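Student: The structure that follows is given in the form of C-alpha cells.
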Amino acid sequence: MTDDELVAAYLRRLRRAARVLPRARRRELVDEIAEHIAQARASVTVSGEGGSEVLSHELERLGEPRDIVAAAGGGVRAVRPAGLEVAAVALLLTGGIAGLIIGIPGVIVGWGAGVLLLWVSPRWRWPDKLLGTLVWPGGFAVVLLLGSLASSAQVCSGGSGTATRCSGGSGWPPWLAIPVTVVAVAGPILVAIRLLLRARVVPDPGESATPRLIAS
Amino acid sequence: MYCMVAGEATNQVAQMRRGLLPYCVLAMLRGTERYGFELVRALGSIEGMVTSEGTIYPLLGRLRRQGLVGTSWRESASGPPRRYYRLTSAGEAALADFTGAWIQLRDSVDELLEAEKRSLP
C-alpha cells in the first residue's frame with residue numbers, strides 16, 4: 001500500500017464512521033483530519049524522515065476513526081428505534097390498507113397517522129421524513145390498488161370448454177407489469193428498512209461538553 | 001449516596017481530564033495563533049492529556065461554534081495552506097474565568113491532601 005492509499009483508506013473509514021453526524025459537521029471533521037494528515041506529511045518531508053512507517057505512526061496517533069466520531073458526539077447515542085418509530089414505519093407500510101375497506105377516511109386515519117408519527121419523531125431528519133412520506137403515499141394499499149386495476153383491465157375471453165384466453169387489452173403487458181410491481185413492492189420495503197436503520201441514531205447529540213464554568 | 005471505590009479514581013481522573021481539555025486548548029492559544037497540526041501535536045505531547053490526537057478536532061469545532069476560538073487560513077512556506085486557530089475575546093474571558101476558579105480549586109484540594117498526609121502516622 002502506498003502512502004496515498006494508506007491515507008485514502010483512513011479517510012474512507014473516517015467518512016463511513018462519521019455518517020451518524022450532521023452533514024456540515026461531518027464535512028468539517030473530515031476536512032480537518034485530512035488537513036492534519038497533509039500537514040503531518042509536509043513536516044515529515046521537510047525534516048527528511050522517510051516512509052510509510054512515519055505515516056502509519058501519524059495515523060496511529062490520530063486514533064481510531066470511530067473514537068474521533070464518538071468525540072464529535074456521534075455513535076455514543078446509538079439506540080434501538082423506540083416504539084414511536086416502529087409504529088410510524090408499520091403504519092406507513094400497512095396503514096393505508098384500511099382505506100381499501102372503508103375508503104379515503106381509512107387512508108387518512110391509517111397511513112396519515114404513520115406520516116404524523118414520522119414527522120413528529122426527533123430521530124429522523126427532514127430528507128428521511130420526506131422520503132417516508134413520498135414513497136409511496138398509502139404504502140402497500142396503493143400497490144394492491146394498482147395491482148387490482150392492472151389485472152381488471154385485462155380482457156379475458158373464452159367460455160366453458162375452450163381454454164380461457166386473456167389478451168392484454170388496456171392492461172399492462174408483462175414486460176412492464178413485472179418491473180413495476182417489483183419497484184412498487186420494493187420501494188416501501190427499502191424505505192422502511194432505511195427509516196428503521198436511521199432511527200437507531202439520535203441526530204445531533206453533540207454540544208454537551210460546553211466549557212461553561214459553574215462558578216461565576 | 002454515591003460510593004467511591006478504589007480503581008474508580010482512574011475513571012474519575014479521566015473524566016476530569018476530559019472536562020479540563022477545552023481549557024487546556026484555550027490556554028495553548030493564549031497570546032498566539034497555532035495551526036491544527038501544531039496545536040494538536042503540542043497537546044498530544046503532554047503526558048496523559050489525550051489518548052488519540054484526532055479527538056481534539058471535534059473539540060476545536062465545538063469551541064469554534066461557541067465563539068471561543070476563531071480560525072483563519074494562511075499560506076504556508078512548506079506544504080498546503082494552514083487553518084490557524086486563535087482565541088476570541090469570549091475565549092479569553094472564558095479562560096480568565098477558568099484560571100481563577102482553577103487556582104482556587106487546586107489550592108483547596110492541595111491543602112486538603114497535604115493535611116491528610118500530615119495527619120497520617
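Letters A, B, ... go to the chains of the C-alpha cells in the order shown; residues in each chain start at 1; ligands are counted from 1 in the same order.
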Can you list every residue of chain B that has an atom at most 8 Å from chain A, with its nearest atom pair and the distance in Å to one decimal, using only C-alpha atoms, ordered by chain then number, as JSON lines?
Tutor:
```
{"residue": "B:Gly19", "atom": "CA", "partner": "A:Ala209", "partner_atom": "CA", "distance": 7.5}
{"residue": "B:Pro22", "atom": "CA", "partner": "A:Pro211", "partner_atom": "CA", "distance": 6.4}
{"residue": "B:Tyr23", "atom": "CA", "partner": "A:Pro211", "partner_atom": "CA", "distance": 7.4}
{"residue": "B:Gly36", "atom": "CA", "partner": "A:His36", "partner_atom": "CA", "distance": 6.4}
{"residue": "B:Phe37", "atom": "CA", "partner": "A:His36", "partner_atom": "CA", "distance": 5.2}
{"residue": "B:Thr51", "atom": "CA", "partner": "A:Gly63", "partner_atom": "CA", "distance": 7.8}
{"residue": "B:Ser52", "atom": "CA", "partner": "A:Gly63", "partner_atom": "CA", "distance": 4.6}
{"residue": "B:Glu53", "atom": "CA", "partner": "A:Leu62", "partner_atom": "CA", "distance": 4.5}
{"residue": "B:Gly54", "atom": "CA", "partner": "A:Leu62", "partner_atom": "CA", "distance": 4.3}
{"residue": "B:Thr55", "atom": "CA", "partner": "A:Ile68", "partner_atom": "CA", "distance": 4.6}
{"residue": "B:Tyr57", "atom": "CA", "partner": "A:Leu29", "partner_atom": "CA", "distance": 6.8}
{"residue": "B:Pro58", "atom": "CA", "partner": "A:Ala72", "partner_atom": "CA", "distance": 4.8}
{"residue": "B:Leu59", "atom": "CA", "partner": "A:Ala72", "partner_atom": "CA", "distance": 7.2}
{"residue": "B:Gly61", "atom": "CA", "partner": "A:Leu29", "partner_atom": "CA", "distance": 7.9}
{"residue": "B:Arg62", "atom": "CA", "partner": "A:Glu207", "partner_atom": "CA", "distance": 6.9}
{"residue": "B:Ser78", "atom": "CA", "partner": "A:Ala42", "partner_atom": "CA", "distance": 6.7}
{"residue": "B:Gly79", "atom": "CA", "partner": "A:Ala42", "partner_atom": "CA", "distance": 5.3}
{"residue": "B:Pro80", "atom": "CA", "partner": "A:Gln39", "partner_atom": "CA", "distance": 7.0}
{"residue": "B:Arg82", "atom": "CA", "partner": "A:Glu35", "partner_atom": "CA", "distance": 7.8}
{"residue": "B:Ala94", "atom": "CA", "partner": "A:Arg212", "partner_atom": "CA", "distance": 7.6}
{"residue": "B:Asp97", "atom": "CA", "partner": "A:Ser216", "partner_atom": "CA", "distance": 7.3}
{"residue": "B:Phe98", "atom": "CA", "partner": "A:Leu213", "partner_atom": "CA", "distance": 6.8}
{"residue": "B:Ala101", "atom": "CA", "partner": "A:Ala215", "partner_atom": "CA", "distance": 7.1}
```
Student: Would you give me, as a PyMOL selection string, the residues in chain B that DSSP reads as strand (DSSP E)?
Tutor: chain B and resi 34-35+69-74+82-87
Student: Using DSSP secondary structure from the backbone, list all alpha helix (DSSP H) positions within segment 12-66 of chain B, as a short mmCIF file (atom, residue, chain, number, x, y, z; two decimals) with N, CA, C and O atoms, in the first residue's frame.
Tutor:
```
data_model
loop_
_atom_site.label_atom_id
_atom_site.label_comp_id
_atom_site.auth_asym_id
_atom_site.auth_seq_id
_atom_site.Cartn_x
_atom_site.Cartn_y
_atom_site.Cartn_z
N GLN B 12 -12.50 8.50 37.25
CA GLN B 12 -12.83 9.87 37.64
C GLN B 12 -11.81 10.85 37.08
O GLN B 12 -12.17 11.91 36.59
N VAL B 13 -10.55 10.46 37.17
CA VAL B 13 -9.49 11.34 36.69
C VAL B 13 -9.61 11.52 35.18
O VAL B 13 -9.44 12.63 34.66
N ALA B 14 -9.97 10.42 34.48
CA ALA B 14 -10.15 10.51 33.04
C ALA B 14 -11.25 11.50 32.69
O ALA B 14 -11.13 12.28 31.76
N GLN B 15 -12.32 11.46 33.49
CA GLN B 15 -13.43 12.40 33.25
C GLN B 15 -13.02 13.84 33.53
O GLN B 15 -13.40 14.75 32.80
N MET B 16 -12.24 14.00 34.61
CA MET B 16 -11.76 15.35 34.93
C MET B 16 -10.89 15.89 33.80
O MET B 16 -11.02 17.04 33.40
N ARG B 17 -10.04 14.99 33.29
CA ARG B 17 -9.14 15.39 32.22
C ARG B 17 -9.94 15.84 31.00
O ARG B 17 -9.64 16.84 30.37
N ARG B 18 -11.01 15.06 30.70
CA ARG B 18 -11.87 15.42 29.57
C ARG B 18 -12.51 16.80 29.77
O ARG B 18 -12.61 17.58 28.85
N GLY B 19 -12.90 17.05 31.01
CA GLY B 19 -13.52 18.33 31.31
C GLY B 19 -12.54 19.49 31.23
O GLY B 19 -12.91 20.62 30.92
N LEU B 20 -11.26 19.19 31.51
CA LEU B 20 -10.25 20.25 31.53
C LEU B 20 -9.67 20.54 30.16
O LEU B 20 -9.16 21.63 29.90
N LEU B 21 -9.78 19.54 29.26
CA LEU B 21 -9.15 19.65 27.95
C LEU B 21 -9.53 20.93 27.18
O LEU B 21 -8.64 21.58 26.63
N PRO B 22 -10.84 21.32 27.16
CA PRO B 22 -11.17 22.55 26.44
C PRO B 22 -10.37 23.75 26.95
O PRO B 22 -9.91 24.58 26.15
N TYR B 23 -10.14 23.82 28.27
CA TYR B 23 -9.40 24.96 28.82
C TYR B 23 -7.93 24.86 28.49
O TYR B 23 -7.25 25.88 28.33
N CYS B 24 -7.42 23.62 28.40
CA CYS B 24 -6.03 23.46 28.00
C CYS B 24 -5.83 23.94 26.57
O CYS B 24 -4.83 24.57 26.24
N VAL B 25 -6.84 23.64 25.71
CA VAL B 25 -6.77 24.11 24.32
C VAL B 25 -6.77 25.65 24.31
O VAL B 25 -5.94 26.28 23.64
N LEU B 26 -7.69 26.24 25.09
CA LEU B 26 -7.73 27.71 25.15
C LEU B 26 -6.41 28.26 25.66
O LEU B 26 -5.89 29.25 25.14
N ALA B 27 -5.84 27.61 26.67
CA ALA B 27 -4.59 28.09 27.25
C ALA B 27 -3.45 28.04 26.24
O ALA B 27 -2.59 28.92 26.22
N MET B 28 -3.45 27.00 25.38
CA MET B 28 -2.37 26.88 24.39
C MET B 28 -2.47 27.96 23.32
O MET B 28 -1.50 28.22 22.62
N GLY B 36 -3.61 23.71 13.06
CA GLY B 36 -4.13 22.45 13.59
C GLY B 36 -3.09 21.44 14.02
O GLY B 36 -3.05 21.04 15.19
N PHE B 37 -2.22 21.09 13.10
CA PHE B 37 -1.25 20.04 13.38
C PHE B 37 -0.35 20.41 14.56
O PHE B 37 -0.10 19.60 15.45
N GLU B 38 0.08 21.68 14.54
CA GLU B 38 0.99 22.15 15.59
C GLU B 38 0.32 22.11 16.96
O GLU B 38 0.88 21.62 17.95
N LEU B 39 -0.92 22.60 17.02
CA LEU B 39 -1.68 22.65 18.27
C LEU B 39 -1.95 21.24 18.80
O LEU B 39 -1.73 20.94 19.98
N VAL B 40 -2.39 20.38 17.89
CA VAL B 40 -2.74 19.02 18.29
C VAL B 40 -1.49 18.25 18.73
O VAL B 40 -1.52 17.52 19.72
N ARG B 41 -0.40 18.48 18.01
CA ARG B 41 0.83 17.78 18.37
C ARG B 41 1.34 18.24 19.74
O ARG B 41 1.78 17.44 20.57
N ALA B 42 1.21 19.54 19.99
CA ALA B 42 1.67 20.08 21.28
C ALA B 42 0.84 19.50 22.42
O ALA B 42 1.37 19.08 23.45
N LEU B 43 -0.48 19.44 22.22
CA LEU B 43 -1.36 18.87 23.26
C LEU B 43 -1.10 17.38 23.42
O LEU B 43 -1.06 16.86 24.54
N GLY B 44 -0.92 16.72 22.28
CA GLY B 44 -0.70 15.27 22.31
C GLY B 44 0.62 14.91 22.99
O GLY B 44 0.79 13.79 23.47
N ILE B 56 -9.17 15.78 19.26
CA ILE B 56 -9.07 17.20 19.58
C ILE B 56 -9.84 18.04 18.55
O ILE B 56 -10.36 19.10 18.87
N TYR B 57 -9.93 17.52 17.31
CA TYR B 57 -10.61 18.30 16.26
C TYR B 57 -12.10 18.53 16.53
O TYR B 57 -12.58 19.65 16.36
N PRO B 58 -12.83 17.49 16.95
CA PRO B 58 -14.23 17.77 17.32
C PRO B 58 -14.33 18.82 18.43
O PRO B 58 -15.24 19.66 18.41
N LEU B 59 -13.39 18.79 19.35
CA LEU B 59 -13.38 19.78 20.44
C LEU B 59 -13.14 21.18 19.88
O LEU B 59 -13.82 22.15 20.27
N LEU B 60 -12.18 21.30 18.95
CA LEU B 60 -11.91 22.60 18.33
C LEU B 60 -13.16 23.11 17.60
O LEU B 60 -13.47 24.30 17.66
N GLY B 61 -13.85 22.20 16.93
CA GLY B 61 -15.08 22.58 16.22
C GLY B 61 -16.11 23.13 17.19
O GLY B 61 -16.79 24.13 16.92
N ARG B 62 -16.22 22.47 18.35
CA ARG B 62 -17.18 22.89 19.36
C ARG B 62 -16.82 24.28 19.89
O ARG B 62 -17.67 25.15 20.04
N LEU B 63 -15.53 24.47 20.17
CA LEU B 63 -15.08 25.78 20.69
C LEU B 63 -15.33 26.87 19.66
O LEU B 63 -15.67 28.01 20.02
N ARG B 64 -15.18 26.51 18.39
CA ARG B 64 -15.41 27.50 17.33
C ARG B 64 -16.90 27.86 17.27
O ARG B 64 -17.25 29.03 17.16
N ARG B 65 -17.76 26.84 17.36
CA ARG B 65 -19.20 27.11 17.30
C ARG B 65 -19.66 27.91 18.51
O ARG B 65 -20.64 28.65 18.44
#
```
Student: Please determine, counting only C-alpha atoms, which residue among A:Val109, A:Leu117, A:Ile189, A:Val182 has the shortest atom-to-atom distance to Ala87 of chain A.
Tutor: A:Leu117
Student: Extract, using only C-alpha atoms, all DNA, RNA and protein residues at most 12 Å from Lys129 of chain A, discarding same-chain residues fewer than 6 positions from it, and format them as a ChimeraX atom specification.
Tutor: /A:85,88-89,92,114-123,135,191-192,194-196,198-199
Student: Neighbouring residues of Trp73 of chain B were defined as those with any atom within 7 Å, considering only C-alpha atoms; residues of the same chain fewer than 6 positions away were excluded. Please report them as a tab-separated table (two decimals) with all heavy atoms, in the first residue's frame.
Tutor:
```
chain	number	residue	atom	x	y	z
B	81	PRO	N	-1.91	25.13	2.49
B	81	PRO	CA	-2.33	26.25	3.35
B	81	PRO	C	-2.79	25.71	4.71
B	81	PRO	O	-3.25	24.58	4.81
B	81	PRO	CB	-3.52	26.87	2.61
B	81	PRO	CG	-3.60	26.22	1.29
B	81	PRO	CD	-2.73	25.03	1.28
B	82	ARG	N	-2.65	26.56	5.71
B	82	ARG	CA	-2.97	26.10	7.06
B	82	ARG	C	-4.11	26.89	7.66
B	82	ARG	O	-4.23	28.09	7.47
B	82	ARG	CB	-1.74	26.28	7.96
B	82	ARG	CG	-0.58	25.41	7.56
B	82	ARG	CD	0.67	25.91	8.25
B	82	ARG	NE	1.78	24.98	8.02
B	82	ARG	CZ	3.02	25.23	8.44
B	82	ARG	NH1	3.28	26.36	9.08
B	82	ARG	NH2	3.97	24.35	8.23
B	83	ARG	N	-4.93	26.18	8.42
B	83	ARG	CA	-6.01	26.81	9.16
B	83	ARG	C	-5.46	27.15	10.55
B	83	ARG	O	-5.09	26.26	11.31
B	83	ARG	CB	-7.15	25.80	9.30
B	83	ARG	CG	-8.46	26.39	9.75
B	83	ARG	CD	-9.44	25.31	10.19
B	83	ARG	NE	-9.61	24.23	9.23
B	83	ARG	CZ	-10.75	23.93	8.62
B	83	ARG	NH1	-11.82	24.61	8.87
B	83	ARG	NH2	-10.83	22.91	7.79
B	84	TYR	N	-5.39	28.44	10.84
B	84	TYR	CA	-4.86	28.86	12.15
B	84	TYR	C	-6.00	29.08	13.13
B	84	TYR	O	-7.04	29.62	12.78
B	84	TYR	CB	-4.04	30.15	12.00
B	84	TYR	CG	-2.62	29.89	11.57
B	84	TYR	CD1	-2.31	29.68	10.24
B	84	TYR	CD2	-1.59	29.83	12.51
B	84	TYR	CE1	-1.01	29.42	9.83
B	84	TYR	CE2	-0.28	29.57	12.12
B	84	TYR	CZ	0.00	29.37	10.79
B	84	TYR	OH	1.28	29.10	10.40
```
Student: Excluding Gly67 of chain B and its own-chain neighbours fewer than 5 positions away, which residues fall within 9 Å of it when counting only C-alpha atoms? Please give them as a PDB file with N, CA, C and O atoms, in the first residue's frame.
Tutor:
```pdb
ATOM      1  N   ARG B  62     -16.224  22.473  18.345  1.00  0.00           N
ATOM      2  CA  ARG B  62     -17.180  22.893  19.362  1.00  0.00           C
ATOM      3  C   ARG B  62     -16.822  24.285  19.891  1.00  0.00           C
ATOM      4  O   ARG B  62     -17.673  25.150  20.037  1.00  0.00           O
ATOM      5  N   LEU B  87      -7.581  32.648  19.920  1.00  0.00           N
ATOM      6  CA  LEU B  87      -8.605  32.922  20.934  1.00  0.00           C
ATOM      7  C   LEU B  87      -9.430  34.116  20.514  1.00  0.00           C
ATOM      8  O   LEU B  87      -8.884  35.105  20.021  1.00  0.00           O
ATOM      9  N   THR B  88     -10.728  34.072  20.708  1.00  0.00           N
ATOM     10  CA  THR B  88     -11.556  35.268  20.545  1.00  0.00           C
ATOM     11  C   THR B  88     -11.608  35.963  21.900  1.00  0.00           C
ATOM     12  O   THR B  88     -11.102  35.423  22.893  1.00  0.00           O
ATOM     13  N   SER B  89     -12.225  37.145  21.950  1.00  0.00           N
ATOM     14  CA  SER B  89     -12.293  37.835  23.254  1.00  0.00           C
ATOM     15  C   SER B  89     -13.164  37.025  24.223  1.00  0.00           C
ATOM     16  O   SER B  89     -12.882  36.986  25.423  1.00  0.00           O
ATOM     17  N   ALA B  90     -14.209  36.357  23.680  1.00  0.00           N
ATOM     18  CA  ALA B  90     -15.027  35.496  24.544  1.00  0.00           C
ATOM     19  C   ALA B  90     -14.187  34.331  25.078  1.00  0.00           C
ATOM     20  O   ALA B  90     -14.328  33.914  26.232  1.00  0.00           O
ATOM     21  N   GLY B  91     -13.296  33.817  24.223  1.00  0.00           N
ATOM     22  CA  GLY B  91     -12.413  32.726  24.644  1.00  0.00           C
ATOM     23  C   GLY B  91     -11.457  33.179  25.734  1.00  0.00           C
ATOM     24  O   GLY B  91     -11.205  32.456  26.708  1.00  0.00           O
TER      25      GLY B  91
END
```
Student: What lies within 9 Å of Ile108 of chain A using only C-alpha atoms, ignoring chain neighbours under 4 positions off, as an NGL selection string?
Tutor: :A and (95-96 or 99 or 104 or 112-113 or 138)
Student: Go ahead and save the residues from that selection, with N, CA, C and O atoms, as a tab-separated table (two decimals), in the first residue's frame.
Tutor:
```tsv
chain	number	residue	atom	x	y	z
A	95	GLY	N	-50.83	1.03	6.97
A	95	GLY	CA	-51.95	1.85	7.44
A	95	GLY	C	-52.99	2.11	6.37
A	95	GLY	O	-54.18	2.16	6.64
A	96	GLY	N	-52.52	2.26	5.12
A	96	GLY	CA	-53.43	2.58	4.04
A	96	GLY	C	-54.38	1.46	3.67
A	96	GLY	O	-55.38	1.69	2.99
A	99	GLY	N	-57.88	1.85	4.07
A	99	GLY	CA	-58.53	2.63	3.04
A	99	GLY	C	-59.19	1.78	1.98
A	99	GLY	O	-60.17	2.19	1.35
A	104	ILE	N	-61.43	6.52	1.55
A	104	ILE	CA	-60.46	7.58	1.81
A	104	ILE	C	-60.23	7.85	3.30
A	104	ILE	O	-59.08	8.01	3.73
A	112	GLY	N	-52.12	8.19	7.31
A	112	GLY	CA	-51.92	9.55	7.82
A	112	GLY	C	-51.31	9.56	9.22
A	112	GLY	O	-50.44	10.37	9.52
A	113	ALA	N	-51.75	8.61	10.05
A	113	ALA	CA	-51.19	8.52	11.41
A	113	ALA	C	-49.70	8.19	11.33
A	113	ALA	O	-48.88	8.74	12.09
A	138	GLY	N	-49.75	6.09	1.00
A	138	GLY	CA	-50.70	4.98	1.13
A	138	GLY	C	-50.03	3.64	1.35
A	138	GLY	O	-50.68	2.66	1.67
```
Student: Rounded to one decimal, what separation in Å do you get between atom CA of Ile46 of chain B and atom CA of Leu55 of chain A?
Tutor: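 These atoms are spaced 20.8 Å apart.
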Student: Using Å and a single decimal, report how far atom CA of Val54 of chain A sits from atom CA of Leu14 of chain A.
Tutor: 19.7 Å
